[in-house]
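Below is my_file_24.cif, holding mmCIF, C-alpha atoms.
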```cif
data_target
loop_
_atom_site.label_atom_id
_atom_site.label_comp_id
_atom_site.auth_asym_id
_atom_site.auth_seq_id
_atom_site.Cartn_x
_atom_site.Cartn_y
_atom_site.Cartn_z
CA MET A 177 -46.42 6.12 79.15
CA GLU A 178 -46.90 4.91 75.59
CA GLN A 179 -44.96 1.79 74.68
CA PRO A 180 -43.50 1.22 71.22
CA SER A 181 -44.69 -1.86 69.35
CA ALA A 182 -42.51 -4.95 69.30
CA ARG A 183 -42.28 -4.53 65.53
CA LEU A 184 -40.92 -1.01 65.87
CA ILE A 185 -38.37 -2.16 68.44
CA GLY A 186 -37.36 -5.03 66.15
CA ARG A 187 -36.88 -2.69 63.20
CA ALA A 188 -34.88 -0.28 65.33
CA ALA A 189 -32.76 -3.17 66.63
CA ARG A 190 -31.90 -4.00 63.02
CA GLY A 191 -30.69 -0.43 62.59
CA GLU A 192 -33.54 0.94 60.47
CA GLU A 193 -33.18 4.70 60.52
CA ARG A 194 -36.89 5.45 60.32
CA ALA A 195 -37.65 3.23 63.31
CA LEU A 196 -34.83 4.78 65.32
CA GLU A 197 -36.10 8.22 64.45
CA THR A 198 -39.58 7.29 65.64
CA LEU A 199 -38.18 6.09 68.96
CA VAL A 200 -36.11 9.24 69.34
CA ARG A 201 -39.14 11.39 68.56
CA MET A 202 -41.33 9.47 71.01
CA TYR A 203 -38.96 9.60 73.95
CA TRP A 204 -36.66 12.57 73.45
CA GLY A 205 -38.96 14.90 75.42
CA PRO A 206 -39.60 12.67 78.44
CA ILE A 207 -35.96 11.61 78.71
CA GLN A 208 -34.60 15.10 78.27
CA GLY A 209 -37.15 16.50 80.73
CA TYR A 210 -36.30 13.85 83.28
CA LEU A 211 -32.56 14.42 82.94
CA ALA A 212 -32.92 18.20 82.97
CA ARG A 213 -34.70 17.97 86.29
CA MET A 214 -32.18 15.49 87.58
CA VAL A 215 -29.00 17.39 86.66
CA SER A 216 -30.57 20.88 86.78
CA ASP A 217 -28.98 21.98 83.54
CA GLU A 218 -30.68 21.92 80.19
CA ALA A 219 -27.54 21.84 78.04
CA ASP A 220 -26.07 18.95 80.04
CA ALA A 221 -29.42 17.21 79.90
CA GLU A 222 -29.41 17.49 76.10
CA ASP A 223 -25.95 15.92 75.85
CA LEU A 224 -26.96 13.20 78.27
CA THR A 225 -30.13 12.51 76.32
CA GLN A 226 -28.07 11.96 73.17
CA GLU A 227 -25.87 9.57 75.11
CA VAL A 228 -28.95 7.74 76.41
CA PHE A 229 -30.14 7.16 72.85
CA MET A 230 -26.66 6.01 71.83
CA ARG A 231 -26.76 3.46 74.63
CA MET A 232 -30.29 2.52 73.69
CA ALA A 233 -29.15 1.82 70.11
CA ARG A 234 -26.23 -0.27 71.36
CA GLY A 235 -28.46 -2.21 73.72
CA LEU A 236 -31.46 -2.68 71.44
CA PRO A 237 -30.26 -5.90 69.75
CA GLY A 238 -30.00 -7.46 73.21
CA PHE A 239 -33.22 -5.98 74.57
CA ALA A 240 -35.13 -9.05 75.73
CA ALA A 241 -38.42 -7.28 76.52
CA LYS A 242 -38.33 -8.68 80.05
CA SER A 243 -39.32 -5.23 81.22
CA LYS A 244 -41.24 -2.48 79.48
CA PHE A 245 -39.26 -0.53 76.90
CA THR A 246 -39.83 2.75 78.75
CA THR A 247 -38.68 1.24 82.04
CA TRP A 248 -35.50 0.05 80.34
CA LEU A 249 -34.92 3.39 78.64
CA PHE A 250 -35.47 5.37 81.84
CA ARG A 251 -33.10 3.06 83.67
CA ILE A 252 -30.42 3.97 81.13
CA ALA A 253 -31.30 7.64 81.63
CA LYS A 254 -31.17 7.37 85.40
CA ASN A 255 -27.74 5.70 85.24
CA GLN A 256 -26.53 8.41 82.89
CA GLY A 257 -27.80 11.09 85.25
CA ILE A 258 -26.21 9.50 88.30
CA ASP A 259 -22.91 9.02 86.45
CA PHE A 260 -22.98 12.66 85.40
CA LEU A 261 -23.64 13.86 88.94
CA ARG A 262 -20.82 11.66 90.24
CA ARG A 263 -18.40 12.88 87.57
CA HIS A 264 -19.18 16.47 88.35
CA GLU A 265 -19.31 15.83 92.05
CA VAL A 266 -22.48 17.77 92.39
CA GLU A 267 -23.20 18.10 96.04
CA ARG A 268 -26.29 16.30 97.02
CA VAL A 269 -28.67 18.19 99.14
CA PRO A 270 -28.42 16.50 102.54
CA LEU A 271 -31.44 14.41 103.23
CA GLU A 272 -33.40 15.76 106.11
CA ARG A 273 -36.46 14.14 107.38
CA VAL A 274 -39.35 16.45 107.39
CA SER A 275 -41.59 16.22 110.38
CA ALA A 276 -45.25 16.64 109.75
CA ALA A 277 -45.76 20.29 109.08
CA SER A 278 -47.82 22.03 111.65
CA ILE A 279 -48.83 24.86 109.37
CA VAL A 280 -52.39 24.42 108.28
CA VAL A 281 -53.19 26.16 105.04
CA ASP A 282 -55.49 25.65 102.17
CA PRO A 283 -53.64 24.14 99.27
CA PRO A 284 -52.88 26.78 96.65
CA GLU A 285 -54.09 26.96 93.11
CA TYR A 286 -51.14 26.79 90.77
CA GLY A 287 -50.31 29.65 88.51
CA VAL A 288 -47.02 30.23 86.69
CA GLU A 289 -45.23 31.58 89.77
CA GLU A 290 -46.55 28.84 91.99
CA THR A 291 -45.46 26.19 89.52
CA GLU A 292 -41.99 27.74 89.42
CA LEU A 293 -41.88 27.74 93.20
CA LEU A 294 -42.95 24.12 93.17
CA TRP A 295 -40.15 23.20 90.75
CA SER A 296 -37.58 25.14 92.73
CA CYS A 297 -38.64 23.16 95.82
CA ILE A 298 -38.25 19.94 93.85
CA ALA A 299 -34.82 21.05 92.62
CA THR A 300 -33.55 21.23 96.19
CA LEU A 301 -34.43 17.62 96.87
CA ASP A 302 -31.81 14.91 97.14
CA VAL A 303 -31.34 13.36 93.69
CA ASP A 304 -32.84 10.01 94.73
CA LEU A 305 -35.97 11.62 96.10
CA ARG A 306 -36.21 13.98 93.13
CA SER A 307 -35.82 11.15 90.68
CA ALA A 308 -38.53 9.04 92.35
CA LEU A 309 -40.98 11.94 92.54
CA ILE A 310 -40.44 12.94 88.90
CA LEU A 311 -40.80 9.37 87.67
CA ARG A 312 -44.05 9.07 89.59
CA ASP A 313 -45.72 12.44 89.21
CA VAL A 314 -44.35 13.68 85.89
CA HIS A 315 -43.97 10.44 83.95
CA GLY A 316 -46.65 8.40 85.71
CA PHE A 317 -44.64 5.23 86.33
CA SER A 318 -46.02 2.79 88.87
CA TYR A 319 -44.10 2.15 92.09
CA LYS A 320 -43.03 -1.23 90.76
CA GLU A 321 -41.69 0.29 87.56
CA ILE A 322 -39.87 2.99 89.50
CA ALA A 323 -38.28 0.31 91.69
CA GLU A 324 -37.05 -1.36 88.50
CA ILE A 325 -35.74 1.89 87.02
CA VAL A 326 -33.90 3.10 90.09
CA ASP A 327 -32.88 -0.40 91.14
CA ALA A 328 -34.38 -0.20 94.61
CA THR A 329 -36.94 -2.10 96.64
CA LEU A 330 -40.61 -1.24 96.56
CA SER A 331 -40.58 -0.03 100.16
CA THR A 332 -37.60 2.24 99.41
CA VAL A 333 -39.52 3.75 96.51
CA LYS A 334 -42.56 4.33 98.73
CA TRP A 335 -40.37 5.97 101.32
CA ARG A 336 -38.59 8.16 98.77
CA ILE A 337 -41.83 9.40 97.21
CA TYR A 338 -43.35 10.13 100.59
CA GLN A 339 -40.20 11.93 101.78
CA ALA A 340 -40.03 13.91 98.54
CA ARG A 341 -43.65 15.04 98.94
CA ALA A 342 -43.21 15.85 102.59
CA GLN A 343 -40.07 17.91 101.93
CA VAL A 344 -41.59 19.71 98.94
CA HIS A 345 -44.72 20.43 100.96
CA ALA A 346 -42.71 21.91 103.82
CA ARG A 347 -40.48 23.98 101.54
CA TYR A 348 -43.40 25.15 99.47
CA LEU A 349 -45.14 26.42 102.56
CA GLU A 350 -41.94 28.12 103.72
CA GLY A 351 -41.44 29.65 100.26
CA SER A 352 -45.00 30.83 100.06
CA ALA A 353 -44.83 32.36 103.52
CA ALA A 354 -41.54 34.12 102.71
CA ASP A 355 -42.90 35.53 99.51
CA SER A 356 -44.66 38.74 100.48
CA GLY A 357 -46.55 39.07 97.22
CA ALA A 358 -48.10 36.23 95.38
CA GLY A 359 -47.29 33.67 98.04
CA ARG A 360 -49.22 35.41 100.74
CA SER A 361 -52.16 35.93 98.49
CA ILE A 362 -52.15 32.24 97.70
CA LEU A 363 -52.03 31.34 101.35
CA GLU A 364 -54.83 33.70 102.09
CA SER A 365 -57.01 32.54 99.22
CA MET B 173 -38.65 3.03 109.59
CA TRP B 174 -40.43 5.35 107.22
CA LEU B 175 -43.68 4.83 109.02
CA ARG B 176 -42.22 5.89 112.34
CA GLY B 177 -43.03 9.34 113.51
CA THR B 178 -44.01 11.41 116.44
CA ARG B 179 -47.58 11.37 117.42
CA GLU B 180 -49.08 14.68 116.62
CA GLY B 181 -52.60 15.74 116.65
CA HIS B 182 -53.96 18.76 114.89
CA GLY B 183 -57.43 20.02 114.69
CA ALA B 184 -60.45 18.88 116.59
CA GLY B 185 -59.87 15.82 118.71
CA GLY B 186 -56.23 15.70 117.66
CA GLY B 187 -55.04 14.44 120.99
CA SER B 188 -56.99 11.23 120.65
CA LEU B 189 -55.96 10.40 117.08
CA ALA B 190 -54.80 6.81 116.84
CA SER B 191 -52.10 7.30 114.20
CA SER B 192 -49.31 9.86 114.05
CA CYS B 193 -49.39 12.48 111.31
CA SER B 194 -46.15 11.38 109.66
CA GLU B 195 -47.39 7.80 109.62
CA VAL B 196 -50.67 8.82 108.05
CA ARG B 197 -48.95 11.09 105.52
CA SER B 198 -46.89 8.18 104.31
CA LEU B 199 -50.19 6.35 103.78
CA LEU B 200 -51.68 9.40 102.09
CA SER B 201 -48.78 9.41 99.66
CA LEU B 202 -49.70 5.83 98.74
CA ILE B 203 -53.40 6.67 98.57
CA VAL B 204 -52.77 9.56 96.16
CA ASP B 205 -50.93 7.11 93.91
CA HIS B 206 -53.60 4.39 94.25
CA GLU B 207 -51.05 2.11 95.87
CA ALA B 208 -52.76 1.72 99.26
CA ASN B 209 -54.94 -1.18 100.34
CA ASP B 210 -58.38 -0.95 101.96
CA LEU B 211 -57.02 -1.22 105.49
CA GLU B 212 -54.57 1.62 104.92
CA ARG B 213 -57.26 3.77 103.34
CA ALA B 214 -59.61 3.18 106.27
CA ARG B 215 -56.87 4.00 108.78
CA ALA B 216 -55.99 7.23 106.99
CA ALA B 217 -59.67 8.20 106.71
CA ARG B 218 -60.15 7.84 110.45
CA HIS B 219 -57.19 10.14 111.06
CA LEU B 220 -58.14 12.66 108.39
CA ALA B 221 -61.53 13.20 109.96
CA GLY B 222 -59.85 14.97 112.86
CA CYS B 223 -56.64 16.37 111.34
CA ALA B 224 -56.72 19.45 109.13
CA SER B 225 -52.95 19.45 108.67
CA CYS B 226 -52.98 16.00 107.09
CA ARG B 227 -55.96 16.93 104.94
CA SER B 228 -53.89 19.85 103.70
CA PHE B 229 -50.97 17.52 102.92
CA GLN B 230 -53.23 15.15 101.00
CA SER B 231 -54.71 17.96 98.99
CA PHE B 232 -51.22 19.37 98.28
CA ALA B 233 -49.96 15.96 97.13
CA GLN B 234 -52.98 15.49 94.84
CA ARG B 235 -52.71 18.92 93.27
CA THR B 236 -48.97 18.91 92.82
CA GLY B 237 -49.26 15.44 91.31
CA ALA B 238 -51.76 16.77 88.78
CA VAL B 239 -49.61 19.84 88.00
CA LEU B 240 -46.44 17.80 87.55
CA HIS B 241 -48.25 15.24 85.44
CA ALA B 242 -49.55 18.01 83.20
CA GLU B 243 -45.96 19.26 82.94
CA GLY B 244 -44.96 15.83 81.73
CA PHE B 245 -47.36 16.16 78.81
CA SER B 246 -46.29 19.66 78.00
CA THR B 247 -43.29 20.41 75.82
CA GLN B 248 -41.77 22.79 78.28
CA VAL B 249 -38.73 21.95 80.33
CA VAL B 250 -38.38 23.63 83.67
CA VAL B 251 -34.89 23.75 85.09
CA SER B 252 -34.25 25.03 88.60
CA GLY B 253 -37.40 27.02 88.61
CA THR B 254 -36.67 28.73 85.30
CA ARG B 255 -38.98 28.04 82.46
CA HIS B 256 -37.50 27.47 79.05
CA GLY B 257 -39.90 27.11 76.20
CA ARG B 258 -39.17 24.21 73.87
CA ARG B 259 -41.45 23.93 70.96
CA ARG B 260 -41.35 21.02 68.65
CA ASN B 261 -40.12 22.97 65.71
CA ALA B 262 -38.11 22.27 62.60
CA SER B 263 -34.79 22.37 64.43
CA ALA B 264 -36.01 19.76 66.92
CA ARG B 265 -37.13 17.50 64.10
CA GLY B 266 -33.82 18.06 62.37
CA ARG B 267 -31.94 17.11 65.52
CA GLU B 268 -34.01 13.94 65.92
CA GLN B 269 -33.39 12.98 62.30
CA GLU B 270 -29.69 13.67 62.67
CA LEU B 271 -29.47 11.62 65.84
CA ALA B 272 -31.41 8.75 64.24
CA ALA B 273 -29.02 8.81 61.27
CA ARG B 274 -26.04 8.69 63.61
CA LEU B 275 -27.56 5.82 65.55
CA ALA B 276 -28.29 3.91 62.36
CA SER B 277 -24.76 4.38 61.04
CA MET B 278 -23.31 3.42 64.42
CA MET B 279 -25.37 0.22 64.45
CA LYS B 280 -24.37 -0.52 60.87
CA GLU B 281 -20.70 -0.11 61.72
CA ARG B 282 -21.10 -2.36 64.72
CA SER B 283 -22.81 -5.11 62.74
CA GLU B 284 -20.19 -4.85 60.00
CA GLY B 285 -17.45 -4.95 62.60
CA GLU B 286 -18.86 -8.15 64.05
CA ALA B 287 -19.20 -9.87 60.68
CA GLY B 288 -16.20 -8.30 58.99
CA PRO B 289 -12.64 -9.55 58.41
CA VAL B 290 -10.70 -10.66 61.45
CA ALA B 291 -8.43 -7.98 62.83
CA PRO B 292 -4.66 -8.74 62.60
CA ARG B 293 -4.37 -8.96 66.37
CA SER B 294 -7.22 -11.46 66.57
CA ALA B 295 -5.74 -13.46 63.68
CA PHE B 296 -2.40 -13.67 65.49
CA ALA B 297 -4.11 -14.80 68.69
CA ALA B 298 -6.10 -17.44 66.80
CA ALA B 299 -2.94 -18.72 65.04
CA ALA B 300 -1.10 -18.92 68.38
CA LEU B 301 -4.01 -20.84 69.88
CA VAL B 302 -4.10 -23.32 66.99
CA ALA B 303 -0.30 -23.79 67.20
CA ALA B 304 -0.47 -24.40 70.96
CA MET B 305 -3.29 -26.89 70.54
CA SER B 306 -1.43 -28.70 67.74
CA LEU B 307 1.71 -28.92 69.87
CA GLY B 308 -0.33 -30.27 72.78
CA ILE B 309 -1.98 -32.88 70.60
CA PHE B 310 1.41 -33.89 69.15
CA ILE B 311 3.08 -34.26 72.57
CA GLY B 312 0.09 -36.12 73.99
CA GLY B 313 -0.05 -38.40 70.99
CA LEU B 314 3.66 -39.10 71.22
CA GLY B 315 3.24 -40.09 74.88
CA VAL B 316 0.38 -42.45 74.13
CA TRP B 317 2.28 -43.91 71.18
CA THR B 318 5.33 -44.52 73.39
CA LEU B 319 3.25 -46.21 76.06
CA THR B 320 1.53 -48.45 73.59
CA GLN B 321 4.61 -49.62 71.71
CA ASP B 322 5.75 -53.16 72.54
CA THR B 323 9.52 -53.25 72.65
CA VAL B 324 9.57 -56.75 74.03
CA ALA B 325 9.30 -59.60 71.63
CA ASP B 326 5.90 -61.18 71.70
CA GLU B 327 6.52 -64.72 72.80
CA ALA B 328 3.01 -65.86 72.12
CA GLY B 329 3.02 -64.77 68.52
CA TYR B 330 0.83 -61.71 68.85
CA PRO B 331 1.49 -59.28 66.01
CA LEU B 332 4.28 -56.83 66.76
CA GLY B 333 3.44 -53.13 66.68
CA SER B 334 -0.15 -53.61 67.71
CA PRO B 335 -1.16 -51.24 70.53
CA ARG B 336 -0.78 -52.93 73.86
CA ILE B 337 0.46 -52.31 77.37
CA ILE B 338 3.02 -54.63 78.78
CA ALA B 339 3.29 -54.90 82.54
CA SER B 340 4.96 -57.33 84.86
CA ARG B 341 2.63 -59.51 86.79
CA THR B 342 3.30 -62.28 89.16
CA LEU B 343 0.63 -64.93 89.24
CA ASP B 344 2.74 -67.72 90.59
CA PRO B 345 5.74 -67.44 92.82
CA GLY B 346 8.94 -67.57 90.83
CA THR B 347 7.38 -66.63 87.54
CA ASP B 348 7.34 -63.27 85.90
CA VAL B 349 4.85 -62.90 83.15
CA GLN B 350 4.63 -59.98 80.80
CA GLU B 351 1.04 -59.40 79.90
CA ARG B 352 -1.34 -56.85 78.55
CA VAL B 353 -3.17 -54.69 81.02
CA SER B 354 -5.15 -51.56 80.50
CA ILE B 355 -3.39 -48.26 79.97
CA LEU B 356 -4.64 -47.11 83.36
CA ALA B 357 -3.17 -50.13 85.09
CA SER B 358 0.15 -49.54 83.39
CA TRP B 359 0.46 -46.21 85.17
CA VAL B 360 0.12 -47.75 88.63
CA PRO B 361 3.45 -47.59 90.51
CA ARG B 362 5.42 -50.76 90.52
CA ARG B 363 5.17 -51.30 94.28
CA LEU B 364 1.39 -51.30 93.95
CA ALA B 365 1.47 -53.47 90.88
CA ASP B 366 3.37 -56.13 92.84
CA ASP B 367 0.83 -56.08 95.64
CA PRO B 368 -1.71 -58.93 95.18
CA TYR B 369 -4.57 -56.71 96.21
CA TRP B 370 -3.70 -54.03 93.66
CA GLU B 371 -2.98 -56.70 91.11
CA LYS B 372 -6.62 -57.75 91.33
CA TRP B 373 -7.67 -54.14 91.14
CA MET B 374 -5.53 -53.66 88.04
CA MET B 375 -7.08 -56.68 86.49
CA GLY B 376 -10.43 -55.12 87.17
CA LEU B 377 -9.43 -52.27 84.90
CA THR B 378 -8.37 -54.61 82.17
CA PRO B 379 -11.05 -55.39 79.59
CA MET B 380 -12.54 -58.77 80.37
CA SER B 381 -11.73 -60.27 76.99
CA LEU B 382 -8.08 -59.35 77.42
CA TYR B 383 -8.13 -60.60 81.01
CA ASP B 384 -9.49 -63.94 79.94
CA GLU B 385 -7.10 -64.10 77.07
CA VAL B 386 -4.16 -63.57 79.41
CA HIS B 387 -5.33 -66.03 82.00
CA TYR B 388 -6.19 -68.74 79.58
CA ARG B 389 -3.03 -68.48 77.62
CA PRO B 390 -1.31 -71.80 77.89
CA GLU B 391 1.93 -70.42 79.30
CA ASN B 392 0.04 -68.88 82.26
CA LEU B 393 -1.86 -71.98 83.27
#
```
Would you mind writing the structure in this file as structure tokens?
Amino acid sequence: MEQPSARLIGRAARGEERALETLVRMYWGPIQGYLARMVSDEADAEDLTQEVFMRMARGLPGFAAKSKFTTWLFRIAKNQGIDFLRRHEVERVPLERVSAASIVVDPPEYGVEETELLWSCIATLDVDLRSALILRDVHGFSYKEIAEIVDATLSTVKWRIYQARAQVHARYLEGSAADSGAGRSILES
Amino acid sequence: MWLRGTREGHGAGGGSLASSCSEVRSLLSLIVDHEANDLERARAARHLAGCASCRSFQSFAQRTGAVLHAEGFSTQVVVSGTRHGRRRNASARGREQELAARLASMMKERSEGEAGPVAPRSAFAAAALVAAMSLGIFIGGLGVWTLTQDTVADEAGYPLGSPRIIASRTLDPGTDVQERVSILASWVPRRLADDPYWEKWMMGLTPMSLYDEVHYRPENL
């Protein structure tokens, strides 16, 4: 993910509106997308994104650049998302270990419906697994960066990403098999 | 723990596969993300050669990774499987500008608040602190002043009112000499001060010049 220059961060930390606007423009989409997938509600995600940028502005003067700017910003977003889920007591999907699926199919090509099925499978994941998978696959953070963002060890991150993929894989296959129309045709293709 | 799994074998020669499927899939997840080392890659490759199920998982992980990554670049937000188009239009730009303006004004207020006039509550707290410190200094000073005032006439002609500590000391049996000792020695309890051992110790605390002065004063010899 693109990093802002130190100069831009410095200007934003001094409260320059143009610099702040540039940062908001650069990261509004990724942060809002990440939060939307985390809290499963676009309107809530938008409010949370605003709050993330408020916190970013408050924290910018003290931002020591010890970590990447995006890692820092996503850590704020992740904390916001977790706080929101706690406040609203959203039930976490119980974590179930997925055994290696015995169904052998050719991996499908992804059309609109398949992508929606994929996202619905991701939406059922436990928030920790979902968050790790999104940070990795959607935003392209390295395992080390993800560990920093979610405040977990590297091995925990590896485990979460693997579990997320295994669960999504299993549910995708189940979803495809249950779907009499497009799903079956994908499986057969 | 996450590497543990039941040994399963799928496809040709599955029964003789050295690694379990779940174990290998955890490695495949690392391989897809370029986070595996050579050993792990070699181990997974050996297993993949005879396991169609794991090959399917690897392919699924690679393709979904690519699809999700492409989603990250797109401007669409997918929530719970429902696709909502979000184009970067004028309203989005307006919202970003508005948010930036709010952030800037918030930061300005904060910086002004930090450098601005002291709030009444803070001023009261500061005044109370200064008063308490002044009172402490006054009481402490009064104590030191009291300790250092010589109320006994100086027999040897030392100037009255000069800071000194007067303590009783017995150098010779039957004599009681008032002499200067250090302020620390003056606080030693009397029973210790009368003890010859502690007397020496007290003298050790007394500045040498003063010690010599006391000992070589004619009336003490």
Exercise for the section: Check every residue of chain A for an atom within 6 Å of chain B, counting only C-alpha atoms, and provide those that qualify as a PyMOL selection string. Expected result: chain A and resi 191+193+196-197+209+213+216+276+280+283+292+295-296+299+313-315+335+338
Practice task
Find the residues around Tyr210 (chain A) up to 8 Å (all atoms listed in the file counted), leave out those fewer than 6 positions away in its own chain, and share them as a PyMOL selection string.
Solution key: chain A and resi 307+310-311
Expected file: the selected residues, C-alpha atoms, as a PDB file, keeping the file's coordinate frame:
```pdb
ATOM      1  CA  SER A 307     -35.820  11.150  90.680  1.00  0.00           C
ATOM      2  CA  ILE A 310     -40.440  12.940  88.900  1.00  0.00           C
ATOM      3  CA  LEU A 311     -40.800   9.370  87.670  1.00  0.00           C
TER       4      LEU A 311
END
```
Problem - B:Val204, B:Ile311, B:Glu284, B:Ala300 ranked by distance to Ala216 (chain B), top pick (using all atoms listed in the file) - result: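 That would be B:Val204, the residue with the smallest distance to Ala216 (chain B).
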Exercise for the section: Would you mind reading off the distance between CA of Arg251 (chain A) and CA of Val200 (chain A), one decimal, in Å? Expected result: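 That distance, rounded to one decimal, is 15.9 Å.
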Exercise for the section: Calculate how many Å separate CA of Ser181 (chain A) from CA of Gly205 (chain A), rounding to one decimal. Expected result: 18.7 Å
Handout entry: Explicit residue set for the PyMOL selection byres ((chain A and resi 220) around 12), as a PyMOL selection string
Key = (chain A and resi 208-219+221-227+256-257+260-261+264) or (chain B and resi 251)
Problem - Counting all atoms listed in the file, the residue of A:Gln339, A:Ile252, A:Leu309, A:Thr198 that sits nearest Arg231 (chain A) - result: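 Of A:Gln339, A:Ile252, A:Leu309, A:Thr198, the one nearest Arg231 (chain A) is A:Ile252, counting all atoms listed in the file.
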Problem - Point-to-point distance in Å for CA of Arg190 (chain A) and CA of Pro237 (chain A) - result: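 According to the coordinates, CA of Pro237 (chain A) and CA of Arg190 (chain A) are separated by 7.2 Å.
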Reconstruct region 334-349 of chain A at the level of N, CA and C atoms, and format the result as a PDB file, in the frame of the given file.
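rebuild.pdb, freshly written:
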```
ATOM      1  N   LYS A 334     -41.449   3.710  97.981  1.00  0.00           N
ATOM      2  CA  LYS A 334     -42.560   4.330  98.730  1.00  0.00           C
ATOM      3  C   LYS A 334     -42.022   5.397  99.680  1.00  0.00           C
ATOM      4  N   TRP A 335     -40.957   5.033 100.358  1.00  0.00           N
ATOM      5  CA  TRP A 335     -40.370   5.970 101.320  1.00  0.00           C
ATOM      6  C   TRP A 335     -39.838   7.212 100.616  1.00  0.00           C
ATOM      7  N   ARG A 336     -39.163   7.015  99.487  1.00  0.00           N
ATOM      8  CA  ARG A 336     -38.590   8.160  98.770  1.00  0.00           C
ATOM      9  C   ARG A 336     -39.687   9.113  98.279  1.00  0.00           C
ATOM     10  N   ILE A 337     -40.766   8.533  97.747  1.00  0.00           N
ATOM     11  CA  ILE A 337     -41.830   9.400  97.210  1.00  0.00           C
ATOM     12  C   ILE A 337     -42.506  10.161  98.350  1.00  0.00           C
ATOM     13  N   TYR A 338     -42.744   9.458  99.444  1.00  0.00           N
ATOM     14  CA  TYR A 338     -43.350  10.130 100.590  1.00  0.00           C
ATOM     15  C   TYR A 338     -42.429  11.238 101.104  1.00  0.00           C
ATOM     16  N   GLN A 339     -41.147  10.927 101.278  1.00  0.00           N
ATOM     17  CA  GLN A 339     -40.200  11.930 101.780  1.00  0.00           C
ATOM     18  C   GLN A 339     -40.116  13.133 100.840  1.00  0.00           C
ATOM     19  N   ALA A 340     -40.095  12.834  99.539  1.00  0.00           N
ATOM     20  CA  ALA A 340     -40.030  13.910  98.540  1.00  0.00           C
ATOM     21  C   ALA A 340     -41.243  14.832  98.695  1.00  0.00           C
ATOM     22  N   ARG A 341     -42.425  14.222  98.808  1.00  0.00           N
ATOM     23  CA  ARG A 341     -43.650  15.040  98.940  1.00  0.00           C
ATOM     24  C   ARG A 341     -43.644  15.836 100.236  1.00  0.00           C
ATOM     25  N   ALA A 342     -43.213  15.173 101.293  1.00  0.00           N
ATOM     26  CA  ALA A 342     -43.210  15.850 102.590  1.00  0.00           C
ATOM     27  C   ALA A 342     -42.237  17.032 102.563  1.00  0.00           C
ATOM     28  N   GLN A 343     -41.070  16.825 101.975  1.00  0.00           N
ATOM     29  CA  GLN A 343     -40.070  17.910 101.930  1.00  0.00           C
ATOM     30  C   GLN A 343     -40.546  19.046 101.019  1.00  0.00           C
ATOM     31  N   VAL A 344     -41.101  18.673  99.868  1.00  0.00           N
ATOM     32  CA  VAL A 344     -41.590  19.710  98.940  1.00  0.00           C
ATOM     33  C   VAL A 344     -42.719  20.495  99.596  1.00  0.00           C
ATOM     34  N   HIS A 345     -43.595  19.788 100.266  1.00  0.00           N
ATOM     35  CA  HIS A 345     -44.720  20.430 100.960  1.00  0.00           C
ATOM     36  C   HIS A 345     -44.195  21.460 101.963  1.00  0.00           C
ATOM     37  N   ALA A 346     -43.252  21.016 102.783  1.00  0.00           N
ATOM     38  CA  ALA A 346     -42.710  21.910 103.820  1.00  0.00           C
ATOM     39  C   ALA A 346     -42.017  23.122 103.196  1.00  0.00           C
ATOM     40  N   ARG A 347     -41.218  22.863 102.161  1.00  0.00           N
ATOM     41  CA  ARG A 347     -40.480  23.980 101.540  1.00  0.00           C
ATOM     42  C   ARG A 347     -41.408  24.914 100.771  1.00  0.00           C
ATOM     43  N   TYR A 348     -42.433  24.319 100.192  1.00  0.00           N
ATOM     44  CA  TYR A 348     -43.400  25.150  99.470  1.00  0.00           C
ATOM     45  C   TYR A 348     -44.088  26.115 100.426  1.00  0.00           C
ATOM     46  N   LEU A 349     -44.470  25.569 101.567  1.00  0.00           N
ATOM     47  CA  LEU A 349     -45.140  26.420 102.560  1.00  0.00           C
ATOM     48  C   LEU A 349     -44.202  27.514 103.063  1.00  0.00           C
TER      49      LEU A 349
END
```
